[in-house]
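Here's the structure we're looking at; comments come further down.
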Amino acid sequence: MRNLKLLLAYDGTEFSGWQIQPEAATIQGILSSAIGRLTGEKVLPQGSGRTDAGVHALGQVATFVTESPIPTENLVVALNDILPRAVRVLDAAEVAPEFHPRKSARAKSYRYRMYRGAICPPFLARYVWHYPYPLEEAAMQLAATSIVGEHDFTSFAAVDPERGRHEEVSNVRRIFCSKWERQGDEFVYTVRGNGFLHHMVRNLVGTFVLAGKGTIKPSDVLQILDARSRSAAGATAPSIGLYLVSVEYEPPASNGRFT
């Protein structure tokens, strides 16, 4: 048996997220089907995280166990021939049997893109949150930096009915980097941490927007964290602007091929 690791990129617009669902197109579902066509096996690939409907990925990581002898370089070509153009396998590698894309992860990075121009170009409309209204961007940057460090992010977590069924859970996470940057007409949020809760990044963005509108002060974000209540934070930002950028592992787990 081989444990194979895939690096994936996808446009999430037409998909109902990562996790397989009945009567819905999902990344896990179409990937499982494509692998089955190649290997003749029934497999359910495991991902590093469950991206929501409409969320994109530049570096999602998934694994599956197979008896197939197909070389990894041939597997990449064959899967891309079968998968829809919105989903691409960028690389594949054989990893240790104990490697798990979620449990073995040491850090993840996400990006959120807001388009600030008056008119959003049609070729960007599927990939950014168009927000042309006044915002104090400096206040949003200050608010973003306040979450760096280890905190309980309960205030920024949506209810996840599947979480905690089989294991004790904690909402404490460590954030290594949290910043906004102007990139032309886009205002881009980048966050890197050791893990993220359900809707956490989108809820952070929605709260930072409140700081940009002057509804809250940047320093209020710390009070929102302390409240440990979802009702204390802002609304959930649209999924359209969110990207899973990368997942990081210890070098031995990836044999130096993934970061």
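Residues in the structure tokens are numbered from 1 in each chain, the chains being A, B, ... in the order shown, and ligands are numbered from 1 in the order shown.
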
Please identify every residue of segment 26-125 of chain A that has at least one atom no farther than 12 Å from an atom of segment 203-221 of chain A, counting only C-alpha atoms, and for each give the shortest atom pair and the distance in Å to one decimal, arranged by chain then increasing number, as a Markdown table.
```
| residue | atom | partner | partner_atom | distance |
| --- | --- | --- | --- | --- |
| A:Tyr110 | CA | A:Val205 | CA | 11.5 |
| A:Arg111 | CA | A:Val205 | CA | 10.4 |
| A:Tyr112 | CA | A:Val205 | CA | 7.9 |
| A:Arg113 | CA | A:Val205 | CA | 10.0 |
| A:Met114 | CA | A:Val205 | CA | 9.8 |
```

Write the residues of the preceding selection, restricted to C-alpha atoms, as a tab-separated table (two decimals), in the first residue's frame.
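Output file again.tsv is given in full below:
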```tsv
chain	number	residue	atom	x	y	z
A	110	TYR	CA	-4.77	32.08	3.80
A	111	ARG	CA	-5.30	35.13	1.63
A	112	TYR	CA	-8.42	37.29	1.30
A	113	ARG	CA	-8.81	39.69	-1.64
A	114	MET	CA	-10.99	42.80	-1.55
```

Which residues are near segment 55-66 of chain A? Cut-off 9 Å, only C-alpha atoms, ignore same chain within fewer than 2 positions. Put them as a ChimeraX atom specification. /A:1-13,15-18,28,39,41,43-49,51-53,68-69,90,95,97,99-102,110,127,239-247

Take the residues from that selection and put them in a file with C-alpha atoms, as a PDB file, in the first residue's frame.
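Generated output (again.pdb):
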```
ATOM      1  CA  MET A   1       0.000   0.000   0.000  1.00  0.00           C
ATOM      2  CA  ARG A   2       1.243   3.470  -0.890  1.00  0.00           C
ATOM      3  CA  ASN A   3       0.278   6.724   0.826  1.00  0.00           C
ATOM      4  CA  LEU A   4       0.224   9.351  -1.915  1.00  0.00           C
ATOM      5  CA  LYS A   5       0.162  13.087  -1.333  1.00  0.00           C
ATOM      6  CA  LEU A   6      -1.296  15.522  -3.855  1.00  0.00           C
ATOM      7  CA  LEU A   7      -0.835  19.276  -4.109  1.00  0.00           C
ATOM      8  CA  LEU A   8      -4.014  20.818  -5.527  1.00  0.00           C
ATOM      9  CA  ALA A   9      -5.160  24.175  -6.849  1.00  0.00           C
ATOM     10  CA  TYR A  10      -8.786  24.929  -7.638  1.00  0.00           C
ATOM     11  CA  ASP A  11     -11.324  27.576  -8.502  1.00  0.00           C
ATOM     12  CA  GLY A  12     -14.004  26.934  -5.894  1.00  0.00           C
ATOM     13  CA  THR A  13     -16.724  28.996  -7.562  1.00  0.00           C
ATOM     14  CA  PHE A  15     -18.158  23.710  -6.042  1.00  0.00           C
ATOM     15  CA  SER A  16     -19.968  23.168  -2.750  1.00  0.00           C
ATOM     16  CA  GLY A  17     -16.678  23.143  -0.876  1.00  0.00           C
ATOM     17  CA  TRP A  18     -14.195  20.365  -0.227  1.00  0.00           C
ATOM     18  CA  GLN A  28     -13.275  15.663  -2.568  1.00  0.00           C
ATOM     19  CA  THR A  39      -6.863   2.809 -10.092  1.00  0.00           C
ATOM     20  CA  GLU A  41     -10.210   1.421  -6.261  1.00  0.00           C
ATOM     21  CA  VAL A  43     -10.906   5.798  -2.175  1.00  0.00           C
ATOM     22  CA  LEU A  44     -11.848   8.912  -0.208  1.00  0.00           C
ATOM     23  CA  PRO A  45      -8.985  11.429  -0.309  1.00  0.00           C
ATOM     24  CA  GLN A  46      -8.311  13.238   2.964  1.00  0.00           C
ATOM     25  CA  GLY A  47      -7.620  16.972   2.800  1.00  0.00           C
ATOM     26  CA  SER A  48      -5.668  19.370   4.993  1.00  0.00           C
ATOM     27  CA  GLY A  49      -8.910  21.237   5.674  1.00  0.00           C
ATOM     28  CA  THR A  51     -12.689  24.718   2.353  1.00  0.00           C
ATOM     29  CA  ASP A  52     -16.228  26.095   2.139  1.00  0.00           C
ATOM     30  CA  ALA A  53     -18.422  26.522  -0.923  1.00  0.00           C
ATOM     31  CA  SER A  68      -1.763   1.115  -7.723  1.00  0.00           C
ATOM     32  CA  PRO A  69       1.822   1.106  -9.051  1.00  0.00           C
ATOM     33  CA  LEU A  90       0.224  20.418  -9.272  1.00  0.00           C
ATOM     34  CA  VAL A  95       4.901   9.847   1.805  1.00  0.00           C
ATOM     35  CA  PRO A  97       2.167   5.755   6.001  1.00  0.00           C
ATOM     36  CA  PHE A  99       1.483  11.136   7.296  1.00  0.00           C
ATOM     37  CA  HIS A 100      -1.944  12.841   7.463  1.00  0.00           C
ATOM     38  CA  PRO A 101      -2.595  16.105   5.582  1.00  0.00           C
ATOM     39  CA  ARG A 102      -4.460  17.713   8.496  1.00  0.00           C
ATOM     40  CA  TYR A 110      -4.766  32.085   3.800  1.00  0.00           C
ATOM     41  CA  TYR A 127     -12.221  35.867  -7.223  1.00  0.00           C
ATOM     42  CA  SER A 239     -16.383  33.149   0.494  1.00  0.00           C
ATOM     43  CA  ILE A 240     -15.584  34.483  -2.976  1.00  0.00           C
ATOM     44  CA  GLY A 241     -12.416  36.318  -1.895  1.00  0.00           C
ATOM     45  CA  LEU A 242     -10.809  33.591   0.221  1.00  0.00           C
ATOM     46  CA  TYR A 243      -7.868  31.392  -0.803  1.00  0.00           C
ATOM     47  CA  LEU A 244      -6.041  28.592   0.967  1.00  0.00           C
ATOM     48  CA  VAL A 245      -2.509  29.526  -0.054  1.00  0.00           C
ATOM     49  CA  SER A 246      -0.315  26.828   1.478  1.00  0.00           C
ATOM     50  CA  VAL A 247       0.034  24.142   4.126  1.00  0.00           C
TER      51      VAL A 247
END
```

What residues in segment 106-200 of chain A get the DSSP label helix (DSSP H, G or I)? Please answer as an MDAnalysis selection string. chainID A and resid 137:145 154:156 200

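Coordinates place atom CA of Glu150 of chain A at a distance of 6.8 Å from atom CA of Val172 of chain A.
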
As a list in words, please: the residues near Cys177 of chain A (cut-off 12 Å, only C-alpha atoms, same-chain neighbours under 2 positions excluded). Ala107, Lys108, Ser109, Tyr110, Arg111, Gln141, Ala144, Thr145, Ser146, Ile147, Val148, Gly149, Glu150, Arg174, Ile175, Lys179, Trp180, Tyr189, Thr190, Val191, Arg192, Gly193 and Asn194 of chain A

Restricting it to N, CA and C atoms, dump the selection as an mmCIF file, in the first residue's frame.
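As a result, again-v5.cif now contains:
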```cif
data_model
loop_
_atom_site.group_PDB
_atom_site.id
_atom_site.type_symbol
_atom_site.label_atom_id
_atom_site.label_comp_id
_atom_site.auth_asym_id
_atom_site.auth_seq_id
_atom_site.Cartn_x
_atom_site.Cartn_y
_atom_site.Cartn_z
ATOM 1 N N ALA A 107 1.481 24.514 9.918
ATOM 2 C CA ALA A 107 0.998 25.881 9.709
ATOM 3 C C ALA A 107 0.233 25.942 8.384
ATOM 4 N N LYS A 108 -0.671 26.910 8.314
ATOM 5 C CA LYS A 108 -1.419 27.175 7.085
ATOM 6 C C LYS A 108 -1.421 28.669 6.821
ATOM 7 N N SER A 109 -1.535 29.022 5.558
ATOM 8 C CA SER A 109 -1.642 30.427 5.170
ATOM 9 C C SER A 109 -2.875 30.624 4.304
ATOM 10 N N TYR A 110 -3.595 31.712 4.591
ATOM 11 C CA TYR A 110 -4.766 32.085 3.800
ATOM 12 C C TYR A 110 -4.598 33.507 3.288
ATOM 13 N N ARG A 111 -5.286 33.782 2.204
ATOM 14 C CA ARG A 111 -5.304 35.127 1.633
ATOM 15 C C ARG A 111 -6.757 35.518 1.358
ATOM 16 N N GLN A 141 -5.571 47.571 9.260
ATOM 17 C CA GLN A 141 -4.241 46.991 9.461
ATOM 18 C C GLN A 141 -3.914 46.897 10.946
ATOM 19 N N ALA A 144 -5.808 44.039 12.437
ATOM 20 C CA ALA A 144 -5.265 42.742 12.033
ATOM 21 C C ALA A 144 -4.055 42.352 12.869
ATOM 22 N N THR A 145 -3.193 43.309 13.170
ATOM 23 C CA THR A 145 -1.972 42.977 13.919
ATOM 24 C C THR A 145 -2.286 42.557 15.352
ATOM 25 N N SER A 146 -3.449 42.947 15.871
ATOM 26 C CA SER A 146 -3.762 42.661 17.280
ATOM 27 C C SER A 146 -4.036 41.183 17.547
ATOM 28 N N ILE A 147 -4.258 40.386 16.510
ATOM 29 C CA ILE A 147 -4.548 38.960 16.741
ATOM 30 C C ILE A 147 -3.305 38.088 16.691
ATOM 31 N N VAL A 148 -2.149 38.681 16.394
ATOM 32 C CA VAL A 148 -0.917 37.898 16.351
ATOM 33 C C VAL A 148 -0.617 37.362 17.744
ATOM 34 N N GLY A 149 -0.246 36.104 17.812
ATOM 35 C CA GLY A 149 0.007 35.449 19.088
ATOM 36 C C GLY A 149 -0.992 34.342 19.333
ATOM 37 N N GLU A 150 -1.011 33.814 20.537
ATOM 38 C CA GLU A 150 -1.904 32.714 20.887
ATOM 39 C C GLU A 150 -3.154 33.255 21.575
ATOM 40 N N ARG A 174 -2.571 29.729 17.376
ATOM 41 C CA ARG A 174 -1.461 30.692 17.354
ATOM 42 C C ARG A 174 -1.345 31.292 15.955
ATOM 43 N N ILE A 175 -1.384 32.608 15.888
ATOM 44 C CA ILE A 175 -1.255 33.322 14.621
ATOM 45 C C ILE A 175 0.142 33.912 14.523
ATOM 46 N N LYS A 179 -1.859 40.543 8.383
ATOM 47 C CA LYS A 179 -1.615 41.881 7.836
ATOM 48 C C LYS A 179 -2.471 42.141 6.590
ATOM 49 N N TRP A 180 -2.748 43.418 6.383
ATOM 50 C CA TRP A 180 -3.395 43.901 5.163
ATOM 51 C C TRP A 180 -2.371 44.664 4.331
ATOM 52 N N TYR A 189 -5.650 40.704 2.503
ATOM 53 C CA TYR A 189 -5.351 40.236 3.857
ATOM 54 C C TYR A 189 -4.619 38.902 3.782
ATOM 55 N N THR A 190 -3.533 38.789 4.532
ATOM 56 C CA THR A 190 -2.765 37.549 4.606
ATOM 57 C C THR A 190 -2.656 37.132 6.065
ATOM 58 N N VAL A 191 -2.939 35.868 6.338
ATOM 59 C CA VAL A 191 -2.841 35.363 7.701
ATOM 60 C C VAL A 191 -2.202 33.980 7.676
ATOM 61 N N ARG A 192 -1.284 33.773 8.615
ATOM 62 C CA ARG A 192 -0.595 32.492 8.746
ATOM 63 C C ARG A 192 -0.670 32.054 10.196
ATOM 64 N N GLY A 193 -1.083 30.810 10.423
ATOM 65 C CA GLY A 193 -1.221 30.333 11.788
ATOM 66 C C GLY A 193 -1.060 28.831 11.864
ATOM 67 N N ASN A 194 -1.082 28.306 13.089
ATOM 68 C CA ASN A 194 -0.908 26.864 13.252
ATOM 69 C C ASN A 194 -2.210 26.094 13.049
#
```

Would you please give, as a PyMOL selection string, all residues of segment 60-205 of chain A that DSSP assigns to strand (DSSP E or B) based on the backbone? chain A and resi 60-66+87-95+107-115+129-130+149-152+172-183+186-193

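Between Val77 of chain A and the candidates A:Phe196, A:Asp152, A:Arg116, A:Ile35, the tightest atom-to-atom separation, counting only C-alpha atoms, involves A:Ile35.
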
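Between atom CA of Glu136 of chain A and atom CA of Leu197 of chain A there is a distance of 26.9 Å.
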
Correct to one decimal, the distance atom CA of Val89 of chain A-atom CA of Val201 of chain A is 24.8 Å
